[in-house]
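Novice: Structure supplied as upload-v4.cif; contents: mmCIF, C-alpha atoms.
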```
data_model
#
loop_
_atom_site.label_atom_id
_atom_site.label_comp_id
_atom_site.auth_asym_id
_atom_site.auth_seq_id
_atom_site.Cartn_x
_atom_site.Cartn_y
_atom_site.Cartn_z
CA MET A 425 0.00 0.00 0.00
CA ASP A 426 2.92 2.37 0.72
CA SER A 427 4.14 2.25 -2.90
CA LEU A 428 0.58 2.89 -4.10
CA ILE A 429 0.23 5.94 -1.87
CA ARG A 430 3.64 7.24 -3.02
CA THR A 431 2.57 7.00 -6.65
CA PHE A 432 -0.71 8.72 -5.74
CA SER A 433 1.28 11.55 -4.13
CA GLU A 434 3.57 11.94 -7.15
CA ALA A 435 0.59 12.00 -9.52
CA GLN A 436 -1.21 14.60 -7.41
CA THR A 437 1.92 16.76 -7.28
CA SER A 438 2.47 16.64 -11.06
CA ARG A 439 -1.29 16.47 -11.87
CA HIS A 440 -0.54 13.46 -14.07
CA GLY A 441 -3.84 11.71 -14.77
CA TYR A 442 -2.46 8.58 -16.44
CA GLN A 443 0.06 8.01 -13.62
CA LEU A 444 -2.78 8.31 -11.12
CA ALA A 445 -4.90 5.88 -13.16
CA GLN A 446 -2.19 3.22 -12.89
CA THR A 447 -2.78 3.12 -9.12
CA LEU A 448 -6.29 1.77 -9.86
CA SER A 449 -5.28 -0.81 -12.44
CA PRO A 450 -6.04 -4.54 -11.97
CA ASP A 451 -3.26 -5.31 -14.47
CA LEU A 452 -0.41 -4.78 -12.00
CA PRO A 453 1.88 -7.80 -11.45
CA GLN A 454 0.09 -10.35 -9.29
CA GLN A 455 2.85 -10.14 -6.69
CA GLN A 456 2.22 -6.40 -6.36
CA LEU A 457 -1.54 -6.91 -6.07
CA GLN A 458 -0.89 -9.49 -3.35
CA ALA A 459 1.33 -7.03 -1.47
CA ILE A 460 -1.39 -4.34 -1.62
CA TRP A 461 -3.99 -6.78 -0.32
CA GLN A 462 -1.80 -7.98 2.55
CA SER A 463 -0.71 -4.46 3.59
CA CYS A 464 -3.76 -4.06 5.84
CA GLY A 465 -6.71 -5.99 7.21
CA HIS A 466 -10.47 -5.51 7.16
CA HIS A 467 -10.45 -3.96 10.64
CA ASP A 468 -7.97 -1.18 9.84
CA ALA A 469 -8.00 -0.79 6.02
CA GLN A 470 -10.08 2.39 6.05
CA ASN A 471 -7.91 4.14 8.64
CA VAL A 472 -4.62 3.00 7.04
CA ILE A 473 -5.65 4.26 3.61
CA LYS A 474 -7.06 7.57 4.86
CA ARG A 475 -4.00 8.27 7.02
CA GLY A 476 -1.68 7.39 4.12
CA ILE A 477 -3.47 9.81 1.77
CA GLN A 478 -3.48 12.60 4.38
CA ASN A 479 0.24 12.18 5.09
CA SER A 480 1.15 11.91 1.39
CA THR A 481 -0.41 15.28 0.60
CA SER A 482 0.93 17.19 3.57
CA GLY A 483 4.15 18.20 1.76
CA PHE A 484 2.42 20.26 -0.95
CA GLU A 485 -0.89 22.06 -1.22
CA LYS A 486 -3.13 19.98 1.02
CA LEU A 487 -6.17 18.32 -0.48
CA PRO A 488 -9.52 19.52 0.88
CA LYS A 489 -11.09 17.31 3.50
CA ASP A 490 -13.88 16.15 1.15
CA GLU A 491 -11.39 15.18 -1.54
CA VAL A 492 -9.24 13.24 0.96
CA GLN A 493 -12.35 11.35 2.04
CA GLY A 494 -13.28 10.74 -1.61
CA TRP A 495 -9.91 9.25 -2.55
CA SER A 496 -9.90 7.21 0.66
CA ASP A 497 -13.23 5.67 -0.37
CA VAL A 498 -11.86 4.99 -3.86
CA TYR A 499 -8.75 3.20 -2.63
CA LEU A 500 -10.71 1.27 0.00
CA ALA A 501 -13.01 0.03 -2.78
CA TYR A 502 -9.93 -0.81 -4.89
CA TRP A 503 -8.40 -2.75 -1.98
CA LYS A 504 -11.64 -4.73 -1.55
CA ALA A 505 -11.80 -5.41 -5.30
CA ILE A 506 -8.24 -6.81 -5.21
CA GLY A 507 -9.42 -9.15 -2.47
CA GLU A 508 -11.99 -10.62 -4.88
CA LEU A 509 -9.71 -10.45 -7.92
CA LEU A 510 -6.76 -12.46 -6.54
CA PRO A 511 -8.75 -15.70 -5.91
CA ALA A 512 -10.28 -15.40 -9.41
CA LEU A 513 -6.84 -15.00 -10.99
CA ASN A 514 -5.60 -18.02 -9.03
CA GLN A 515 -8.76 -20.01 -9.89
CA ALA A 516 -9.43 -20.69 -6.21
CA PRO A 517 -12.47 -22.92 -5.44
CA GLN A 518 -14.62 -20.12 -3.98
CA ALA A 519 -13.52 -17.52 -6.54
CA SER A 520 -16.20 -15.77 -8.58
CA TRP A 521 -15.94 -13.26 -11.39
CA THR A 522 -19.41 -12.07 -10.39
CA LYS A 523 -17.98 -11.00 -7.01
CA VAL A 524 -15.08 -9.32 -8.83
CA TYR A 525 -17.56 -7.44 -11.03
CA ASP A 526 -19.66 -6.30 -8.06
CA ALA A 527 -16.58 -5.12 -6.15
CA TRP A 528 -15.23 -3.27 -9.20
CA LYS A 529 -18.63 -1.69 -9.76
CA GLU A 530 -18.41 -0.29 -6.22
CA LEU A 531 -15.01 1.18 -7.15
CA LEU A 532 -16.59 2.93 -10.15
CA SER A 533 -19.39 4.22 -7.91
CA ALA A 534 -16.82 5.63 -5.47
CA LEU A 535 -15.13 7.48 -8.34
CA TYR A 536 -18.51 8.74 -9.55
CA ARG A 537 -19.30 10.13 -6.09
CA GLY A 538 -15.87 11.75 -6.01
CA TYR A 539 -16.55 13.71 -9.22
CA ILE A 540 -20.11 14.58 -8.24
CA GLY A 541 -19.57 15.93 -4.73
CA GLN A 542 -16.03 15.53 -3.44
CA GLY A 543 -14.06 17.82 -5.71
CA PHE A 544 -12.17 15.39 -8.02
CA GLU A 545 -10.61 17.46 -10.79
CA ALA A 546 -10.88 16.84 -14.53
CA TRP A 547 -7.17 16.05 -14.98
CA SER A 548 -7.82 12.77 -13.15
CA ILE A 549 -10.38 11.42 -15.67
CA PRO A 550 -7.94 8.70 -16.92
CA CYS A 551 -8.96 6.96 -13.66
CA LEU A 552 -12.45 6.67 -15.18
CA TYR A 553 -10.93 5.20 -18.34
CA VAL A 554 -9.12 2.41 -16.46
CA VAL A 555 -11.96 1.55 -14.10
CA ALA A 556 -14.72 1.69 -16.75
CA LYS A 557 -12.72 -0.36 -19.26
CA ASN A 558 -12.05 -3.10 -16.72
CA LEU A 559 -15.65 -3.08 -15.50
CA ARG A 560 -16.66 -4.15 -19.00
CA ILE A 561 -13.98 -6.87 -19.06
CA PHE A 562 -15.12 -8.25 -15.69
CA ALA A 563 -18.78 -8.13 -16.81
CA LEU A 564 -17.92 -10.32 -19.81
CA LYS A 565 -16.03 -12.78 -17.59
CA ALA A 566 -18.85 -12.88 -15.03
CA ASP A 567 -21.46 -13.60 -17.71
CA GLU A 568 -19.26 -16.27 -19.29
CA GLU A 569 -18.71 -17.92 -15.89
CA ARG A 570 -22.42 -17.86 -15.12
CA ASN A 571 -23.42 -19.28 -18.51
CA ASN A 572 -20.84 -22.07 -18.14
CA ASN A 573 -22.24 -22.91 -14.71
CA VAL A 574 -25.80 -23.01 -16.04
CA ALA A 575 -24.69 -25.22 -18.94
CA ALA A 576 -23.04 -27.56 -16.42
CA GLY A 577 -26.27 -27.78 -14.43
CA ASP A 578 -25.42 -25.39 -11.59
CA THR A 579 -28.42 -23.06 -11.30
CA SER A 580 -27.53 -21.50 -7.94
CA GLY A 581 -28.23 -17.81 -7.95
CA GLN A 582 -30.72 -18.15 -10.82
CA ILE A 583 -34.20 -16.83 -10.04
CA PHE A 584 -36.91 -19.11 -11.39
CA GLN A 585 -40.23 -17.69 -12.45
CA ASP A 586 -43.03 -18.66 -14.80
CA ASP A 587 -41.98 -16.30 -17.58
CA PHE A 588 -38.23 -16.82 -17.15
CA ASP A 589 -36.30 -16.14 -20.34
CA PRO A 590 -32.85 -17.77 -20.21
CA GLU A 591 -31.56 -15.63 -23.10
CA SER A 592 -32.26 -12.43 -21.19
CA GLU A 593 -29.92 -13.66 -18.44
CA GLN A 594 -26.99 -14.44 -20.74
CA HIS A 595 -25.62 -10.90 -20.57
CA GLN A 596 -26.92 -9.89 -17.16
CA LYS A 597 -23.73 -8.23 -15.95
CA LEU A 598 -22.90 -6.67 -19.31
CA GLU A 599 -26.33 -5.03 -19.39
CA ASP A 600 -25.69 -3.69 -15.90
CA CYS A 601 -22.28 -2.50 -17.08
CA ALA A 602 -23.97 -0.55 -19.90
CA ARG A 603 -26.11 1.23 -17.30
CA GLN A 604 -23.03 2.14 -15.24
CA LEU A 605 -21.23 3.45 -18.34
CA ASN A 606 -24.28 5.54 -19.16
CA ARG A 607 -23.99 7.18 -15.74
CA ILE A 608 -20.38 8.09 -16.51
CA PHE A 609 -21.38 9.38 -19.96
CA THR A 610 -23.93 11.69 -18.31
CA LEU A 611 -21.35 12.72 -15.69
CA CYS A 612 -18.95 13.88 -18.43
CA LEU A 613 -21.60 15.41 -20.68
CA ASN A 614 -23.28 17.55 -18.02
CA ASP A 615 -20.10 19.12 -16.65
CA ARG A 616 -20.48 22.91 -16.81
CA ALA A 617 -16.88 23.79 -15.94
CA PRO A 618 -14.77 25.73 -18.52
CA LEU A 619 -13.54 23.43 -21.29
CA GLU A 620 -9.91 23.42 -20.13
CA GLU A 621 -11.07 22.05 -16.75
CA SER A 622 -14.03 20.03 -17.99
CA ARG A 623 -14.84 16.32 -17.70
CA LYS A 624 -16.08 16.56 -21.30
CA TRP A 625 -12.54 15.57 -22.34
CA GLY A 626 -13.38 12.05 -21.18
CA ILE A 627 -16.60 11.71 -23.13
CA TYR A 628 -15.41 10.01 -26.35
CA TYR A 629 -13.52 7.31 -24.46
CA ILE A 630 -16.72 6.47 -22.55
CA ILE A 631 -18.85 6.68 -25.71
CA ASN A 632 -16.54 4.20 -27.44
CA LEU A 633 -16.87 1.80 -24.49
CA LEU A 634 -20.66 2.16 -24.72
CA PHE A 635 -20.58 1.41 -28.45
CA LYS A 636 -18.54 -1.76 -27.84
CA THR A 637 -20.94 -2.82 -25.10
CA TYR A 638 -24.11 -2.18 -27.13
CA PHE A 639 -22.71 -4.05 -30.13
CA LYS A 640 -21.79 -6.97 -27.88
CA LEU A 641 -25.36 -6.97 -26.55
CA ASN A 642 -26.64 -6.91 -30.14
CA SER A 643 -28.36 -3.61 -29.31
CA ALA A 644 -26.57 -1.37 -31.77
CA SER A 645 -29.71 0.76 -32.13
CA LEU A 646 -29.14 2.10 -28.58
CA SER A 647 -25.96 3.72 -29.89
CA LYS A 648 -28.12 6.07 -31.97
CA ASN A 649 -29.47 7.55 -28.72
CA ILE A 650 -25.91 8.36 -27.68
CA LEU A 651 -25.26 10.09 -31.02
CA LYS A 652 -28.49 12.08 -30.76
CA THR A 653 -27.62 13.23 -27.25
CA LEU A 654 -24.10 14.12 -28.33
CA SER A 655 -25.41 16.08 -31.30
CA ALA A 656 -27.67 18.14 -29.03
CA TYR A 657 -24.67 19.15 -26.88
CA ARG A 658 -22.15 19.53 -29.69
CA GLY A 659 -22.04 23.32 -29.41
CA ASP A 660 -20.60 23.01 -25.90
CA MET A 661 -18.16 20.24 -26.78
CA PRO A 662 -14.53 20.38 -27.89
CA PRO A 663 -14.21 19.36 -31.58
CA LEU A 664 -13.57 15.66 -32.21
CA SER A 665 -10.23 16.54 -33.84
CA ALA A 666 -8.98 17.82 -30.45
CA PHE A 667 -9.24 14.33 -28.90
CA PRO A 668 -6.57 11.59 -29.15
CA LYS A 669 -6.47 9.92 -32.57
CA SER A 670 -7.21 6.52 -31.06
CA GLN A 671 -10.54 7.85 -29.76
CA GLN A 672 -11.29 9.56 -33.08
CA VAL A 673 -10.69 6.36 -35.05
CA THR A 674 -12.88 4.22 -32.78
CA PHE A 675 -15.69 6.77 -32.75
CA LYS A 676 -15.66 7.24 -36.54
CA TYR A 677 -15.55 3.46 -37.05
CA TYR A 678 -18.68 2.88 -34.96
CA GLU A 679 -20.43 5.92 -36.45
CA GLY A 680 -19.71 4.49 -39.90
CA VAL A 681 -20.95 1.02 -38.95
CA LEU A 682 -24.18 2.49 -37.55
CA CYS A 683 -24.79 4.35 -40.84
CA PHE A 684 -23.96 1.12 -42.69
CA LEU A 685 -26.56 -0.84 -40.72
CA GLU A 686 -29.14 1.83 -41.60
CA GLU A 687 -28.18 1.41 -45.28
CA ASN A 688 -26.92 4.99 -45.42
CA TYR A 689 -23.90 3.83 -47.42
CA HIS A 690 -22.60 7.21 -48.61
CA GLN A 691 -22.38 8.59 -45.06
CA ALA A 692 -20.98 5.28 -43.81
CA GLU A 693 -18.28 5.46 -46.46
CA GLU A 694 -17.40 9.01 -45.36
CA HIS A 695 -17.03 8.05 -41.67
CA LEU A 696 -15.15 4.81 -42.36
CA THR A 697 -12.77 6.54 -44.79
CA HIS A 698 -12.05 9.13 -42.09
CA ALA A 699 -11.33 6.33 -39.60
CA TRP A 700 -9.07 4.58 -42.15
CA SER A 701 -7.08 7.76 -42.85
CA LEU A 702 -6.41 8.32 -39.12
CA CYS A 703 -5.71 4.69 -38.22
CA HIS A 704 -2.10 3.89 -37.28
CA LYS A 705 -0.28 2.03 -40.05
CA ASP A 706 0.61 -0.85 -37.72
CA ALA A 707 -2.88 -1.27 -36.22
CA MET A 708 -3.65 -4.16 -38.55
CA LYS A 709 -6.62 -5.52 -36.59
CA ASN A 710 -8.31 -2.12 -36.54
CA LYS A 711 -7.67 -1.58 -40.26
CA GLU A 712 -9.14 -5.02 -40.98
CA LEU A 713 -12.30 -4.11 -39.03
CA ILE A 714 -12.65 -0.84 -40.96
CA LEU A 715 -12.17 -2.58 -44.33
CA THR A 716 -14.82 -5.17 -43.42
CA TYR A 717 -17.43 -2.43 -43.88
CA LEU A 718 -15.58 -0.05 -46.19
CA VAL A 719 -15.25 -2.66 -48.97
CA PRO A 720 -19.04 -3.29 -49.18
CA CYS A 721 -19.62 0.50 -49.03
CA HIS A 722 -17.37 1.06 -52.06
CA LEU A 723 -19.04 -1.85 -53.83
CA LEU A 724 -22.48 -0.25 -53.45
CA THR A 725 -21.62 3.45 -53.82
CA THR A 726 -18.97 3.44 -56.55
CA HIS A 727 -19.27 -0.12 -57.95
CA THR A 728 -15.53 -0.63 -57.40
CA LEU A 729 -13.87 -3.79 -56.14
CA PRO A 730 -10.91 -4.02 -53.74
CA SER A 731 -7.55 -4.82 -55.31
CA LYS A 732 -5.58 -7.90 -54.28
CA LYS A 733 -2.80 -5.58 -53.11
CA LEU A 734 -5.18 -3.83 -50.69
CA LEU A 735 -6.34 -7.12 -49.15
CA GLU A 736 -2.92 -8.80 -49.20
CA PRO A 737 -2.09 -8.07 -45.50
CA TYR A 738 -5.50 -9.43 -44.39
CA PRO A 739 -5.91 -13.17 -45.09
CA ARG A 740 -9.37 -13.33 -43.52
CA LEU A 741 -10.66 -10.52 -45.74
CA GLN A 742 -9.10 -12.18 -48.78
CA LYS A 743 -11.02 -15.35 -47.99
CA LEU A 744 -14.23 -13.34 -47.52
CA PHE A 745 -14.13 -10.96 -50.47
CA LEU A 746 -11.86 -12.25 -53.26
CA PRO A 747 -14.07 -15.20 -54.38
CA LEU A 748 -17.06 -12.86 -54.73
CA CYS A 749 -14.96 -10.18 -56.43
CA ASP A 750 -13.69 -12.67 -59.04
CA CYS A 751 -17.28 -13.78 -59.77
CA ILE A 752 -18.41 -10.16 -60.13
CA LYS A 753 -15.56 -9.36 -62.54
CA LYS A 754 -16.30 -12.39 -64.70
CA GLY A 755 -20.09 -12.08 -64.53
CA GLN A 756 -20.45 -15.62 -63.14
CA LEU A 757 -23.85 -15.62 -61.47
CA HIS A 758 -23.91 -19.26 -60.35
CA ALA A 759 -20.38 -19.07 -58.94
CA PHE A 760 -21.36 -15.84 -57.12
CA ASP A 761 -24.33 -17.58 -55.50
CA LEU A 762 -22.09 -20.46 -54.37
CA ALA A 763 -19.43 -18.10 -52.96
CA LEU A 764 -22.11 -16.11 -51.11
CA GLN A 765 -23.57 -19.32 -49.70
CA GLU A 766 -20.14 -20.56 -48.61
CA GLY A 767 -19.38 -17.37 -46.69
CA GLU A 768 -22.93 -16.86 -45.42
CA ASN A 769 -22.20 -17.53 -41.73
CA GLU A 770 -19.29 -15.09 -41.65
CA PHE A 771 -21.20 -12.44 -43.62
CA VAL A 772 -24.19 -12.67 -41.26
CA LYS A 773 -21.92 -12.56 -38.21
CA ARG A 774 -20.27 -9.38 -39.49
CA ARG A 775 -23.66 -7.89 -40.55
CA ILE A 776 -22.66 -7.50 -44.21
CA TYR A 777 -24.63 -10.32 -45.84
CA LEU A 778 -27.34 -8.14 -47.42
CA SER A 779 -24.85 -5.61 -48.78
CA MET A 780 -22.69 -8.36 -50.32
CA GLU A 781 -25.79 -10.00 -51.81
CA ARG A 782 -26.42 -6.78 -53.73
CA GLY A 783 -23.10 -7.36 -55.47
CA ARG A 784 -25.01 -9.84 -57.67
CA ASP A 785 -26.35 -6.84 -59.60
CA LEU A 786 -22.77 -5.97 -60.56
CA ALA A 787 -22.13 -9.54 -61.67
CA LEU A 788 -25.29 -9.43 -63.78
CA ARG A 789 -24.30 -6.06 -65.27
CA ASN A 790 -20.89 -7.43 -66.26
CA LEU A 791 -22.54 -10.47 -67.86
CA LEU A 792 -24.90 -8.26 -69.89
CA ARG A 793 -21.94 -6.10 -70.84
CA LYS A 794 -20.16 -9.17 -72.21
CA VAL A 795 -23.18 -9.91 -74.42
CA PHE A 796 -23.10 -6.33 -75.66
CA ILE A 797 -19.37 -6.50 -76.45
CA ALA A 798 -19.73 -9.92 -78.10
CA GLY A 799 -22.33 -8.41 -80.44
CA GLY A 800 -19.51 -6.65 -82.28
CA PHE A 801 -19.90 -3.66 -84.57
CA GLU A 802 -22.44 -2.62 -87.18
CA GLU A 803 -21.32 -2.04 -90.74
CA PRO A 804 -20.52 1.64 -91.29
CA LYS A 805 -23.19 3.46 -93.29
CA THR A 806 -20.56 5.17 -95.44
CA GLU A 807 -17.25 3.80 -96.59
CA GLY A 808 -14.53 4.82 -94.12
CA GLY A 809 -17.14 6.00 -91.62
CA PRO A 810 -16.80 5.38 -87.88
CA ARG A 811 -17.61 1.90 -86.63
CA LEU A 812 -20.40 1.80 -84.05
CA ARG A 813 -21.24 -1.05 -81.74
CA ARG A 814 -24.42 -2.96 -82.39
CA THR A 815 -27.01 -1.43 -80.07
CA ARG A 816 -30.09 -3.46 -81.12
CA ILE A 817 -29.60 -6.82 -79.45
CA PRO A 818 -32.17 -9.65 -79.50
CA ILE A 819 -33.54 -10.45 -76.02
CA ALA A 820 -32.91 -14.11 -76.80
CA GLU A 821 -29.15 -13.50 -76.58
CA PHE A 822 -29.51 -12.10 -73.07
CA VAL A 823 -31.82 -14.98 -72.10
CA ALA A 824 -29.17 -17.48 -73.27
CA ALA A 825 -26.36 -15.65 -71.44
CA ILE A 826 -28.22 -15.36 -68.13
CA SER A 827 -29.39 -18.97 -68.31
CA LEU A 828 -25.79 -20.12 -68.86
CA GLY A 829 -24.43 -17.78 -66.19
CA SER A 830 -26.93 -18.85 -63.52
CA LYS A 831 -26.95 -22.51 -64.69
CA LYS A 832 -30.73 -22.68 -64.76
CA ALA A 833 -33.27 -22.09 -67.52
CA MET A 834 -34.72 -18.56 -67.47
CA ASP A 835 -37.82 -17.50 -69.37
CA THR A 836 -37.98 -14.29 -71.35
CA ASP A 837 -40.26 -12.45 -68.89
CA GLU A 838 -37.87 -13.07 -66.01
CA VAL A 839 -34.87 -11.85 -68.02
CA GLU A 840 -36.80 -8.74 -69.09
CA CYS A 841 -37.56 -8.09 -65.43
CA HIS A 842 -33.84 -8.32 -64.53
CA MET A 843 -32.94 -5.97 -67.37
CA ALA A 844 -35.65 -3.48 -66.40
CA ASN A 845 -34.12 -3.40 -62.91
CA MET A 846 -30.68 -2.76 -64.42
CA ILE A 847 -32.07 0.18 -66.40
CA TYR A 848 -33.94 1.51 -63.34
CA LYS A 849 -30.76 1.38 -61.23
CA ASP A 850 -28.87 3.25 -63.95
CA MET A 851 -26.48 0.33 -64.44
CA MET A 852 -27.54 0.02 -68.08
CA LYS A 853 -28.85 2.68 -70.48
CA GLY A 854 -31.48 1.78 -73.02
CA TYR A 855 -35.00 0.40 -73.32
CA ILE A 856 -36.74 -2.90 -74.02
CA ALA A 857 -38.77 -3.18 -77.24
CA ARG A 858 -40.93 -6.15 -76.25
CA GLU A 859 -43.03 -6.31 -79.44
CA ARG A 860 -39.92 -6.71 -81.59
CA GLY A 861 -37.98 -8.82 -79.08
CA PHE A 862 -35.03 -6.43 -78.92
CA VAL A 863 -33.14 -4.43 -76.32
CA VAL A 864 -32.03 -1.06 -77.67
CA LEU A 865 -28.96 0.24 -75.83
CA SER A 866 -27.46 3.71 -75.75
CA LYS A 867 -24.83 4.43 -78.39
CA SER A 868 -22.74 6.32 -75.83
CA GLY A 869 -22.23 4.74 -72.45
CA ALA A 870 -24.53 1.73 -72.57
CA PHE A 871 -23.04 0.55 -69.25
CA PRO A 872 -22.14 3.65 -67.19
CA GLY A 873 -18.86 3.58 -65.33
CA THR A 874 -17.39 0.69 -67.33
CA GLY A 875 -16.03 2.59 -70.32
CA VAL A 876 -18.48 0.86 -72.69
#
```
Output the file's structure in the form of structure tokens.

Specialist:
Amino acid sequence: MDSLIRTFSEAQTSRHGYQLAQTLSPDLPQQQLQAIWQSCGHHDAQNVIKRGIQNSTSGFEKLPKDEVQGWSDVYLAYWKAIGELLPALNQAPQASWTKVYDAWKELLSALYRGYIGQGFEAWSIPCLYVVAKNLRIFALKADEERNNNVAAGDTSGQIFQDDFDPESEQHQKLEDCARQLNRIFTLCLNDRAPLEESRKWGIYYIINLLFKTYFKLNSASLSKNILKTLSAYRGDMPPLSAFPKSQQVTFKYYEGVLCFLEENYHQAEEHLTHAWSLCHKDAMKNKELILTYLVPCHLLTTHTLPSKKLLEPYPRLQKLFLPLCDCIKKGQLHAFDLALQEGENEFVKRRIYLSMERGRDLALRNLLRKVFIAGGFEEPKTEGGPRLRRTRIPIAEFVAAISLGSKKAMDTDEVECHMANMIYKDMMKGYIARERGFVVLSKSGAFPGTGV
């Protein structure tokens, strides 16, 4: 405990928030955690910690009485949390991650009370980062432990009732964690202090933790409420560009994914491109996550496919996207359907199945384009005149091409329906002359964006 108090004193003297936050970390070496736990007992822990904090601050500007009491409560809660954490780390028989979560939640509550009424200053908000981040980690471990116990037949602690829904209990602690994080979000958002001394500087870190939690709970729609609230207060907020790049990248990534899920692909592309441009060149996992949604966005907004060079550092994305991209390029409808079916589980898991399915329109466009190119040129009307591509193409040729490409017989009406959709979506320019059995295509730019 003495070394902890010394670090606390140094951090208070230099007003170094991240140094102070390290005194509340559960990631210290286990030997150090053990030493902190054994430094005092239940009967004297409160007095030892309070006396240590009072003595450590006597050499410089003394902390107010309320603030001393606040930090004493925080470190007492931290000491108790270590007492629950050590058995869990050592996998002791009576250890429980649920107890760790509950003790760590009390630590977060002590910090919350410190900022609300005991004078904790804004420079110390990295303490909120460390405690909130680990609360989420312990919630996940507590839920996993509980679900494993239920699967093994241990239902102790489970409340039975007539309308009991086991699925609603799967993320019990994580849902509670989301509520605690929301309290911290409100704490930062409602701070009325001048910006240079405001808790608002901690808001994007907490928002990003909330996004991660909501996505894990499969409740991404709740994130929209956070964005709406943030938008209402934006005039009183520092600009996003003033926050650390890591926070900017994470926020823009989730903002882009939320737009993507609402099928607002142009805005999603804008946010994801911003995240990509700010992402550190060595953060390969983060770049892979961004590309997972940026590739489908480009596919739908600009009809462009990712190059092999772009996907080369990401084997998982190569496996996901390259088979479909090859089918789109070659206009192979049946092969596209098979590739989509093969990757269906992964596409659904990553929430990109519907967007990738729409890539079939591009495959169909490229197949129709091949028919157009194969039609060759018309004879020039005057000797030496310019050669023009044949623009009146029998529907039967398209019927044959689509039937071969999809490996199933297609009737004329169905093919006409597909072609009408292509014209409506501005992927093909022309019109269908049903009475004569022809498709008449534009002489200039029959397939926009393809150079034909």

Novice: Of the residues A:Arg860, A:Arg814, A:Lys529, A:Arg789, which is the one nearest to A:Met843, using all atoms listed in the file?

Specialist: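 Counting all atoms listed in the file, the residue closest to A:Met843 is A:Arg789.
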
Novice: May I ask for the distance between atom CA of A:Cys683 and atom CA of A:Ile630, given in Å to one decimal place?

Specialist: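 Atom CA of A:Ile630 lies 20.1 Å from atom CA of A:Cys683.
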
Novice: When you draw a straight line from atom CA of A:Leu746 to atom CA of A:Asn710, how long is it in Å?

Specialist: 19.9 Å

Novice: Residues at most 9 Å from stretch 553-559 of chain A, counting all atoms listed in the file, excluding those fewer than 4 positions away in the same chain, as a list of chain:residue names?

Specialist: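 So the residues in contact are A:Ala445, A:Gln446, A:Leu448, A:Ser449, A:Pro450, A:Tyr525, A:Trp528, A:Lys529, A:Leu531, A:Leu532, A:Leu535, A:Ile549, A:Ala563, A:Leu564, A:Leu598, A:Cys601, A:Gln604, A:Leu605, A:Ile608, A:Gly626, A:Tyr629, A:Ile630, A:Leu633.
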
Novice: Would you write out, as number ranges by chain, every residue that the PyMOL selection byres ((chain A and resi 643) around 12) captures in this file?

Specialist: A: 595, 598-599, 602, 634-642, 644-649, 682, 685

Novice: Please measure the separation of atom CA of A:His758 and atom CA of A:Ser830, giving the value in Å to one decimal.

Specialist: 4.4 Å

Novice: So that I can see what lies close to A:Gly873, please list as a list in words the residues with an atom at most 10 Å from it, counting all atoms listed in the file and leaving out residues fewer than 2 positions away in the same chain.

Specialist: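 The residues satisfying every condition are Thr726, His727, Thr728, Met851, Met852, Gly869, Ala870, Phe871, Gly875 and Val876 of chain A.
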
Novice: Return the single residue from A:Asp451, A:Ser701, A:Ile477, A:Gly543 that is closest to A:Glu491, with distances computed using all atoms listed in the file.

Specialist: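 When distances to A:Glu491 are compared using all atoms listed in the file, the smallest one comes from A:Gly543.
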
Novice: Show me, as a tab-separated table (two decimals) with C-alpha atoms, in the coordinates of the input, the residues that have an atom within 8 Å of stretch 711-725 of chain A when counting only C-alpha atoms, minus same-chain residues fewer than 5 positions from it.

Specialist:
```tsv
chain	number	residue	atom	x	y	z
A	677	TYR	CA	-15.55	3.46	-37.05
A	681	VAL	CA	-20.95	1.02	-38.95
A	684	PHE	CA	-23.96	1.12	-42.69
A	689	TYR	CA	-23.90	3.83	-47.42
A	690	HIS	CA	-22.60	7.21	-48.61
A	692	ALA	CA	-20.98	5.28	-43.81
A	693	GLU	CA	-18.28	5.46	-46.46
A	696	LEU	CA	-15.15	4.81	-42.36
A	697	THR	CA	-12.77	6.54	-44.79
A	699	ALA	CA	-11.33	6.33	-39.60
A	700	TRP	CA	-9.07	4.58	-42.15
A	703	CYS	CA	-5.71	4.69	-38.22
A	730	PRO	CA	-10.91	-4.02	-53.74
A	738	TYR	CA	-5.50	-9.43	-44.39
A	741	LEU	CA	-10.66	-10.52	-45.74
A	774	ARG	CA	-20.27	-9.38	-39.49
A	776	ILE	CA	-22.66	-7.50	-44.21
A	779	SER	CA	-24.85	-5.61	-48.78
A	780	MET	CA	-22.69	-8.36	-50.32
A	782	ARG	CA	-26.42	-6.78	-53.73
A	783	GLY	CA	-23.10	-7.36	-55.47
```

Novice: So, counting all atoms listed in the file, which residue among A:Ser480, A:Ser866, A:Phe822, A:Gln454 is closest to A:Met834?

Specialist: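 The answer is A:Phe822, which sits nearest to A:Met834.
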
Novice: Leaving out A:Cys464 and any residue of its chain fewer than 6 positions from it, which residues lie within 10 Å of it when counting only C-alpha atoms, given as an MDAnalysis selection string?

Specialist: chainID A and resid 425 470:473 503

Novice: Using the chain letters and numbers from the file, give me the residues hit by the PyMOL selection byres ((chain A and resi 839) around 10), as a PyMOL selection string.

Specialist: chain A and resi 819-820+822-827+834-838+840-845

Novice: Compare A:Val673, A:Val492, A:Ala759, A:Ala534 by their minimum atom-to-atom distance to A:Cys551, counting all atoms listed in the file, and give me the closest one.

Specialist: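 Comparing A:Val673, A:Val492, A:Ala759, A:Ala534 against A:Cys551, the winner is A:Ala534.
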
Novice: Once the PyMOL selection byres ((chain A and resi 494) around 10) is applied to the coordinates I shared, what remains selected? I want it as a PyMOL selection string.

Specialist: chain A and resi 474+488-493+495-500+534-539+541-544

Novice: Counting all atoms listed in the file, which of A:Cys749, A:Glu781, A:Lys597, A:Val574 gets nearest to A:Asp526?

Specialist: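 For A:Asp526, the nearest of the given residues is A:Lys597.
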